[in-house]
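K.L.:
What follows is my_file26.txt; its format and atoms are compact mmCIF, C-alpha atoms.
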# COMPACT_ATOMS: atom_id res chain seq x y z
CA MET A 1 41.92 3.52 -79.18
CA ILE A 2 44.88 5.69 -79.16
CA TYR A 3 42.71 8.19 -80.79
CA LEU A 4 40.13 7.85 -77.96
CA ALA A 5 42.80 8.00 -75.35
CA ALA A 6 44.26 11.05 -76.96
CA GLU A 7 40.84 12.53 -77.36
CA GLU A 8 40.05 11.85 -73.71
CA ALA A 9 43.35 13.33 -72.68
CA GLN A 10 42.46 16.43 -74.59
CA LYS A 11 39.02 16.77 -72.90
CA PRO A 12 39.85 16.94 -69.23
CA LEU A 13 36.61 18.74 -68.35
CA PHE A 14 34.40 15.84 -69.26
CA PRO A 15 34.44 13.02 -66.66
CA VAL A 16 34.70 9.35 -67.33
CA TRP A 17 31.24 7.89 -66.67
CA PRO A 18 32.21 4.62 -65.07
CA GLU A 19 34.34 6.49 -62.53
CA VAL A 20 31.44 8.86 -61.80
CA VAL A 21 29.05 5.97 -61.17
CA ILE A 22 31.53 4.19 -58.88
CA GLY A 23 32.21 7.49 -57.07
CA LEU A 24 28.46 8.07 -56.62
CA ILE A 25 27.95 4.55 -55.27
CA CYS A 26 30.84 4.98 -52.81
CA PHE A 27 29.54 8.39 -51.81
CA GLY A 28 26.07 6.87 -51.24
CA ILE A 29 27.53 4.11 -49.07
CA VAL A 30 29.59 6.59 -47.01
CA PHE A 31 26.59 8.95 -46.78
CA PHE A 32 24.34 6.07 -45.68
CA VAL A 33 26.84 4.96 -43.00
CA PHE A 34 27.32 8.51 -41.78
CA SER A 35 23.60 9.24 -41.69
CA LYS A 36 22.67 6.02 -39.91
CA LYS A 37 25.59 5.54 -37.55
CA LEU A 38 27.56 8.74 -37.08
CA LEU A 39 24.95 11.48 -37.52
CA PRO A 40 22.69 10.30 -34.64
CA VAL A 41 25.71 10.19 -32.29
CA ILE A 42 26.79 13.67 -33.41
CA ASN A 43 23.22 15.02 -33.05
CA LYS A 44 22.91 13.39 -29.63
CA THR A 45 26.20 14.97 -28.50
CA LEU A 46 25.15 18.37 -29.86
CA ASP A 47 21.76 18.08 -28.09
CA GLU A 48 23.49 17.17 -24.83
CA ARG A 49 25.81 20.15 -25.18
CA ARG A 50 22.91 22.46 -26.01
CA GLU A 51 20.99 21.20 -22.99
CA ALA A 52 24.07 21.56 -20.79
CA ILE A 53 24.61 25.11 -22.03
CA GLU A 54 20.94 26.00 -21.63
CA GLY A 55 20.92 24.32 -18.18
CA GLY A 56 24.09 26.20 -17.28
CA ILE A 57 22.51 29.45 -18.37
CA ALA A 58 19.37 28.65 -16.35
CA LYS A 59 21.51 27.73 -13.34
CA ALA A 60 23.52 30.91 -13.77
CA GLU A 61 20.33 32.97 -13.95
CA GLU A 62 18.99 31.15 -10.89
CA ALA A 63 22.28 31.73 -9.05
CA GLN A 64 22.19 35.38 -10.08
CA THR A 65 18.63 35.71 -8.79
CA GLU A 66 19.59 34.00 -5.53
CA ALA A 67 22.68 36.21 -5.21
CA ASN A 68 20.52 39.30 -5.74
CA SER A 69 18.07 38.15 -3.07
CA VAL A 70 20.94 37.41 -0.66
CA LEU A 71 22.39 40.85 -1.44
CA GLU A 72 19.04 42.49 -0.69
CA GLN A 73 18.78 40.53 2.57
CA TYR A 74 22.31 41.58 3.47
CA LYS A 75 21.53 45.21 2.71
CA ALA A 76 18.37 44.99 4.82
CA GLN A 77 20.27 43.39 7.70
CA LEU A 78 23.00 46.00 7.39
CA ALA A 79 20.44 48.81 7.49
CA GLU A 80 18.77 47.18 10.49
CA ALA A 81 22.13 46.79 12.24
CA ARG A 82 22.94 50.45 11.60
CA HIS A 83 19.55 51.45 12.96
CA GLU A 84 20.08 49.24 16.03
CA ALA A 85 23.56 50.71 16.57
CA ALA A 86 22.15 54.24 16.38
CA ARG A 87 19.41 53.29 18.85
CA LEU A 88 21.97 51.75 21.25
CA ARG A 89 24.17 54.84 20.97
CA GLN A 90 21.17 57.03 21.78
CA GLU A 91 20.25 54.84 24.77
CA ALA A 92 23.86 54.91 25.99
CA GLN A 93 23.94 58.69 25.75
CA GLU A 94 20.65 58.95 27.64
CA GLN A 95 21.85 56.51 30.31
CA GLY A 96 25.13 58.41 30.54
CA ALA A 97 23.24 61.66 31.09
CA VAL A 98 21.09 59.99 33.77
CA ILE A 99 24.17 58.54 35.48
CA ILE A 100 25.91 61.92 35.39
CA GLN A 101 22.83 63.58 36.86
CA GLU A 102 22.62 60.91 39.58
CA MET A 103 26.32 61.31 40.36
CA LYS A 104 25.91 65.09 40.60
CA ALA A 105 22.95 64.64 42.95
CA GLU A 106 24.90 62.10 45.03
CA GLY A 107 27.89 64.46 45.14
CA GLN A 108 25.64 67.33 46.20
CA ARG A 109 24.04 65.16 48.90
CA GLN A 110 27.47 64.05 50.19
CA ARG A 111 28.65 67.66 50.14
CA GLU A 112 25.63 68.70 52.17
CA GLU A 113 26.27 65.86 54.64
CA ILE A 114 29.92 66.86 55.00
CA ILE A 115 28.98 70.50 55.50
CA ALA A 116 26.30 69.56 58.07
CA ALA A 117 28.78 67.30 59.88
CA GLY A 118 31.33 70.10 59.82
CA HIS A 119 28.80 72.58 61.22
CA THR A 120 27.83 70.09 63.92
CA GLN A 121 31.49 69.50 64.82
CA ILE A 122 32.18 73.24 64.84
CA GLU A 123 29.14 73.83 67.09
CA ALA A 124 30.26 71.03 69.44
CA ASP A 125 33.81 72.43 69.52
CA ARG A 126 32.45 75.92 70.13
CA LYS A 127 30.31 74.70 73.02
CA ALA A 128 33.23 72.74 74.48
CA ALA A 129 35.49 75.79 74.12
CA ALA A 130 32.81 78.03 75.67
CA SER A 131 32.38 75.64 78.56
CA ALA A 132 36.14 75.39 79.13
CA LEU A 133 36.43 79.15 78.83
CA ARG A 134 33.61 79.63 81.36
CA GLN A 135 35.36 77.39 83.80
CA ASP A 136 38.72 79.10 83.31
CA VAL A 137 37.21 82.59 83.43
CA GLY A 138 35.13 81.62 86.47
CA LYS A 139 38.16 80.28 88.30
CA LEU A 140 40.25 83.33 87.42
CA ALA A 141 37.39 85.67 88.37
CA THR A 142 36.89 83.92 91.71
CA ASP A 143 40.58 83.99 92.48
CA LEU A 144 40.74 87.66 91.56
CA ALA A 145 37.59 88.49 93.52
CA GLY A 146 38.96 86.55 96.49
CA LYS A 147 42.17 88.54 96.38
CA LEU A 148 40.27 91.80 96.05
CA VAL A 149 37.80 91.04 98.80
CA GLY A 150 40.39 89.44 100.93
CA GLU A 151 38.49 86.27 101.66
CA SER A 152 38.31 82.99 99.89
CA LEU A 153 35.35 82.37 97.62
CA GLN A 154 35.80 78.63 97.43
CA ASP A 155 32.14 77.78 97.83
CA HIS A 156 31.46 76.04 94.58
CA ALA A 157 27.71 76.72 94.30
CA ARG A 158 28.17 80.40 94.97
CA GLN A 159 31.12 80.56 92.63
CA SER A 160 29.19 78.87 89.77
CA GLY A 161 26.18 81.14 90.21
CA THR A 162 28.32 84.30 90.21
CA VAL A 163 30.34 83.21 87.18
CA ASP A 164 27.27 82.13 85.22
CA ARG A 165 25.48 85.40 85.95
CA PHE A 166 28.58 87.40 84.94
CA LEU A 167 29.01 85.49 81.66
CA ASP A 168 25.30 85.72 80.82
CA GLU A 169 25.50 89.48 81.23
CA LEU A 170 28.54 89.57 78.94
CA GLU A 171 26.77 87.48 76.28
CA ALA A 172 23.67 89.69 76.47
CA LYS A 173 25.83 92.79 75.97
CA ALA A 174 27.64 91.16 73.04
CA GLU A 175 24.36 90.22 71.31
CA ALA A 176 22.92 93.68 71.91
CA ALA A 177 26.03 95.19 70.28
CA ARG A 178 25.46 93.14 67.09
Show me, as structure tokens, the structure contained in the file I just sent.
P.N.:
Amino acid sequence: MIYLAAEEAQKPLFPVWPEVVIGLICFGIVFFVFSKKLLPVINKTLDERREAIEGGIAKAEEAQTEANSVLEQYKAQLAEARHEAARLRQEAQEQGAVIIQEMKAEGQRQREEIIAAGHTQIEADRKAAASALRQDVGKLATDLAGKLVGESLQDHARQSGTVDRFLDELEAKAEAAR
């Protein structure tokens, strides 16, 4: 026995068979428990994670597709807004040109009215001045003629006729000289 024990101690590479059998039985029990109880739970957890990852990837791809479509819509709206802004600018410029043209026409019309009113006022003032001048010249002429003749020419009808005739002759001479 000592010899066997010594012999066994000298052969460490060869296992002891009863220990191998007990080890295999224990390994079988542990393997059976793991395969029946633990392995399904682990596989179920791994499947859930795989599905979650695949679902997350699908959701991410769907979100990316939706983001791309929203981006395209945004770009289209932006292009449309730029086009609308350009159209509104063009309309504003055209309306501005029309308003400027209308204001110029209104200014021209008002200028013409002011000039016509000025001409009318000047003509009225000229006629009033001519009338006042006729009266003053007529009175001075009658007074002078009365002093020259030596008698009073106070008869109004005669005085007016003489003065009017005299002034008409002067106007005719002035127009002929032009």
K.L.:
Rounded to one decimal in Å, what is the spacing between atom CA of A:Gln95 and atom CA of A:Arg82?
P.N.:
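Separation between atom CA of A:Gln95 and atom CA of A:Arg82: 19.7 Å.
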K.L.:
In Å, how far is it from atom CA of A:Phe166 to atom CA of A:Ala130?
P.N.:
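The value is 13.8 Å.
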K.L.:
Kindly give the distance, in Å, that separates atom CA of A:Glu175 and atom CA of A:Lys127, rounded to a single decimal.
P.N.:
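For atom CA of A:Glu175 relative to atom CA of A:Lys127, the distance reads 16.7 Å.
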K.L.:
Taking into account only C-alpha atoms, which residue in the set A:Ile25, A:Ala117, A:Leu88, A:Leu167 is nearest to A:Ser131?
P.N.:
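Looking only at the distances to A:Ser131, the closest residue turns out to be A:Leu167.
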K.L.:
Give the answer as one residue: which of A:Asp164, A:Arg109, A:His119, A:Val30 has the shortest atom-to-atom distance to A:Thr142, using only C-alpha atoms?
P.N.:
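Smallest separation from A:Thr142 among the options: A:Asp164.
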K.L.:
Could you add all heavy atoms to stretch 115-126 of chain A and give me the result as an mmCIF file, in the coordinates of the input?
P.N.:
data_model
loop_
_atom_site.group_PDB
_atom_site.id
_atom_site.type_symbol
_atom_site.label_atom_id
_atom_site.label_comp_id
_atom_site.auth_asym_id
_atom_site.auth_seq_id
_atom_site.Cartn_x
_atom_site.Cartn_y
_atom_site.Cartn_z
ATOM 1 N N ILE A 115 29.132 69.147 54.951
ATOM 2 C CA ILE A 115 28.980 70.500 55.500
ATOM 3 C C ILE A 115 28.194 70.460 56.800
ATOM 4 O O ILE A 115 28.573 71.113 57.799
ATOM 5 C CB ILE A 115 28.293 71.433 54.465
ATOM 6 C CG1 ILE A 115 29.254 71.717 53.313
ATOM 7 C CG2 ILE A 115 27.833 72.734 55.106
ATOM 8 C CD1 ILE A 115 28.643 72.469 52.150
ATOM 9 N N ALA A 116 27.099 69.663 56.833
ATOM 10 C CA ALA A 116 26.300 69.560 58.070
ATOM 11 C C ALA A 116 27.131 68.945 59.188
ATOM 12 O O ALA A 116 27.082 69.413 60.343
ATOM 13 C CB ALA A 116 25.053 68.719 57.807
ATOM 14 N N ALA A 117 27.924 67.912 58.853
ATOM 15 C CA ALA A 117 28.780 67.300 59.880
ATOM 16 C C ALA A 117 29.821 68.296 60.362
ATOM 17 O O ALA A 117 30.124 68.358 61.571
ATOM 18 C CB ALA A 117 29.452 66.038 59.319
ATOM 19 N N GLY A 118 30.352 69.083 59.435
ATOM 20 C CA GLY A 118 31.330 70.100 59.820
ATOM 21 C C GLY A 118 30.709 71.151 60.731
ATOM 22 O O GLY A 118 31.315 71.549 61.742
ATOM 23 N N HIS A 119 29.483 71.593 60.379
ATOM 24 C CA HIS A 119 28.800 72.580 61.220
ATOM 25 C C HIS A 119 28.526 72.002 62.616
ATOM 26 O O HIS A 119 28.687 72.696 63.625
ATOM 27 C CB HIS A 119 27.482 73.044 60.580
ATOM 28 C CG HIS A 119 27.683 73.993 59.428
ATOM 29 N ND1 HIS A 119 28.426 75.139 59.523
ATOM 30 C CD2 HIS A 119 27.219 73.945 58.146
ATOM 31 C CE1 HIS A 119 28.414 75.770 58.368
ATOM 32 N NE2 HIS A 119 27.684 75.049 57.499
ATOM 33 N N THR A 120 28.102 70.733 62.639
ATOM 34 C CA THR A 120 27.830 70.090 63.920
ATOM 35 C C THR A 120 29.114 69.998 64.744
ATOM 36 O O THR A 120 29.091 70.285 65.956
ATOM 37 C CB THR A 120 27.253 68.663 63.691
ATOM 38 O OG1 THR A 120 26.101 68.772 62.870
ATOM 39 C CG2 THR A 120 26.891 67.995 64.986
ATOM 40 N N GLN A 121 30.214 69.615 64.096
ATOM 41 C CA GLN A 121 31.490 69.500 64.820
ATOM 42 C C GLN A 121 31.950 70.881 65.302
ATOM 43 O O GLN A 121 32.420 71.011 66.425
ATOM 44 C CB GLN A 121 32.549 68.882 63.887
ATOM 45 C CG GLN A 121 33.888 68.654 64.553
ATOM 46 C CD GLN A 121 33.808 67.637 65.684
ATOM 47 O OE1 GLN A 121 33.076 66.669 65.594
ATOM 48 N NE2 GLN A 121 34.529 67.887 66.753
ATOM 49 N N ILE A 122 31.784 71.874 64.438
ATOM 50 C CA ILE A 122 32.180 73.240 64.840
ATOM 51 C C ILE A 122 31.344 73.698 66.035
ATOM 52 O O ILE A 122 31.864 74.283 66.986
ATOM 53 C CB ILE A 122 32.050 74.217 63.653
ATOM 54 C CG1 ILE A 122 33.140 73.928 62.624
ATOM 55 C CG2 ILE A 122 32.123 75.666 64.110
ATOM 56 C CD1 ILE A 122 32.994 74.688 61.322
ATOM 57 N N GLU A 123 30.031 73.431 65.979
ATOM 58 C CA GLU A 123 29.140 73.830 67.090
ATOM 59 C C GLU A 123 29.535 73.096 68.370
ATOM 60 O O GLU A 123 29.573 73.699 69.449
ATOM 61 C CB GLU A 123 27.690 73.544 66.721
ATOM 62 C CG GLU A 123 26.676 74.026 67.731
ATOM 63 C CD GLU A 123 26.693 75.544 67.938
ATOM 64 O OE1 GLU A 123 27.061 76.293 67.014
ATOM 65 O OE2 GLU A 123 26.355 75.974 69.060
ATOM 66 N N ALA A 124 29.845 71.803 68.255
ATOM 67 C CA ALA A 124 30.260 71.030 69.440
ATOM 68 C C ALA A 124 31.572 71.572 69.980
ATOM 69 O O ALA A 124 31.733 71.729 71.202
ATOM 70 C CB ALA A 124 30.370 69.549 69.093
ATOM 71 N N ASP A 125 32.523 71.867 69.084
ATOM 72 C CA ASP A 125 33.810 72.430 69.520
ATOM 73 C C ASP A 125 33.626 73.807 70.150
ATOM 74 O O ASP A 125 34.286 74.146 71.147
ATOM 75 C CB ASP A 125 34.777 72.527 68.326
ATOM 76 C CG ASP A 125 35.287 71.181 67.857
ATOM 77 O OD1 ASP A 125 35.099 70.185 68.599
ATOM 78 O OD2 ASP A 125 35.857 71.107 66.740
ATOM 79 N N ARG A 126 32.711 74.590 69.568
ATOM 80 C CA ARG A 126 32.450 75.920 70.130
ATOM 81 C C ARG A 126 31.865 75.814 71.536
ATOM 82 O O ARG A 126 32.266 76.531 72.454
ATOM 83 C CB ARG A 126 31.511 76.702 69.215
ATOM 84 C CG ARG A 126 31.332 78.175 69.646
ATOM 85 C CD ARG A 126 30.245 78.865 68.871
ATOM 86 N NE ARG A 126 28.919 78.356 69.147
ATOM 87 C CZ ARG A 126 28.209 78.636 70.260
ATOM 88 N NH1 ARG A 126 28.715 79.373 71.202
ATOM 89 N NH2 ARG A 126 27.004 78.146 70.409
#
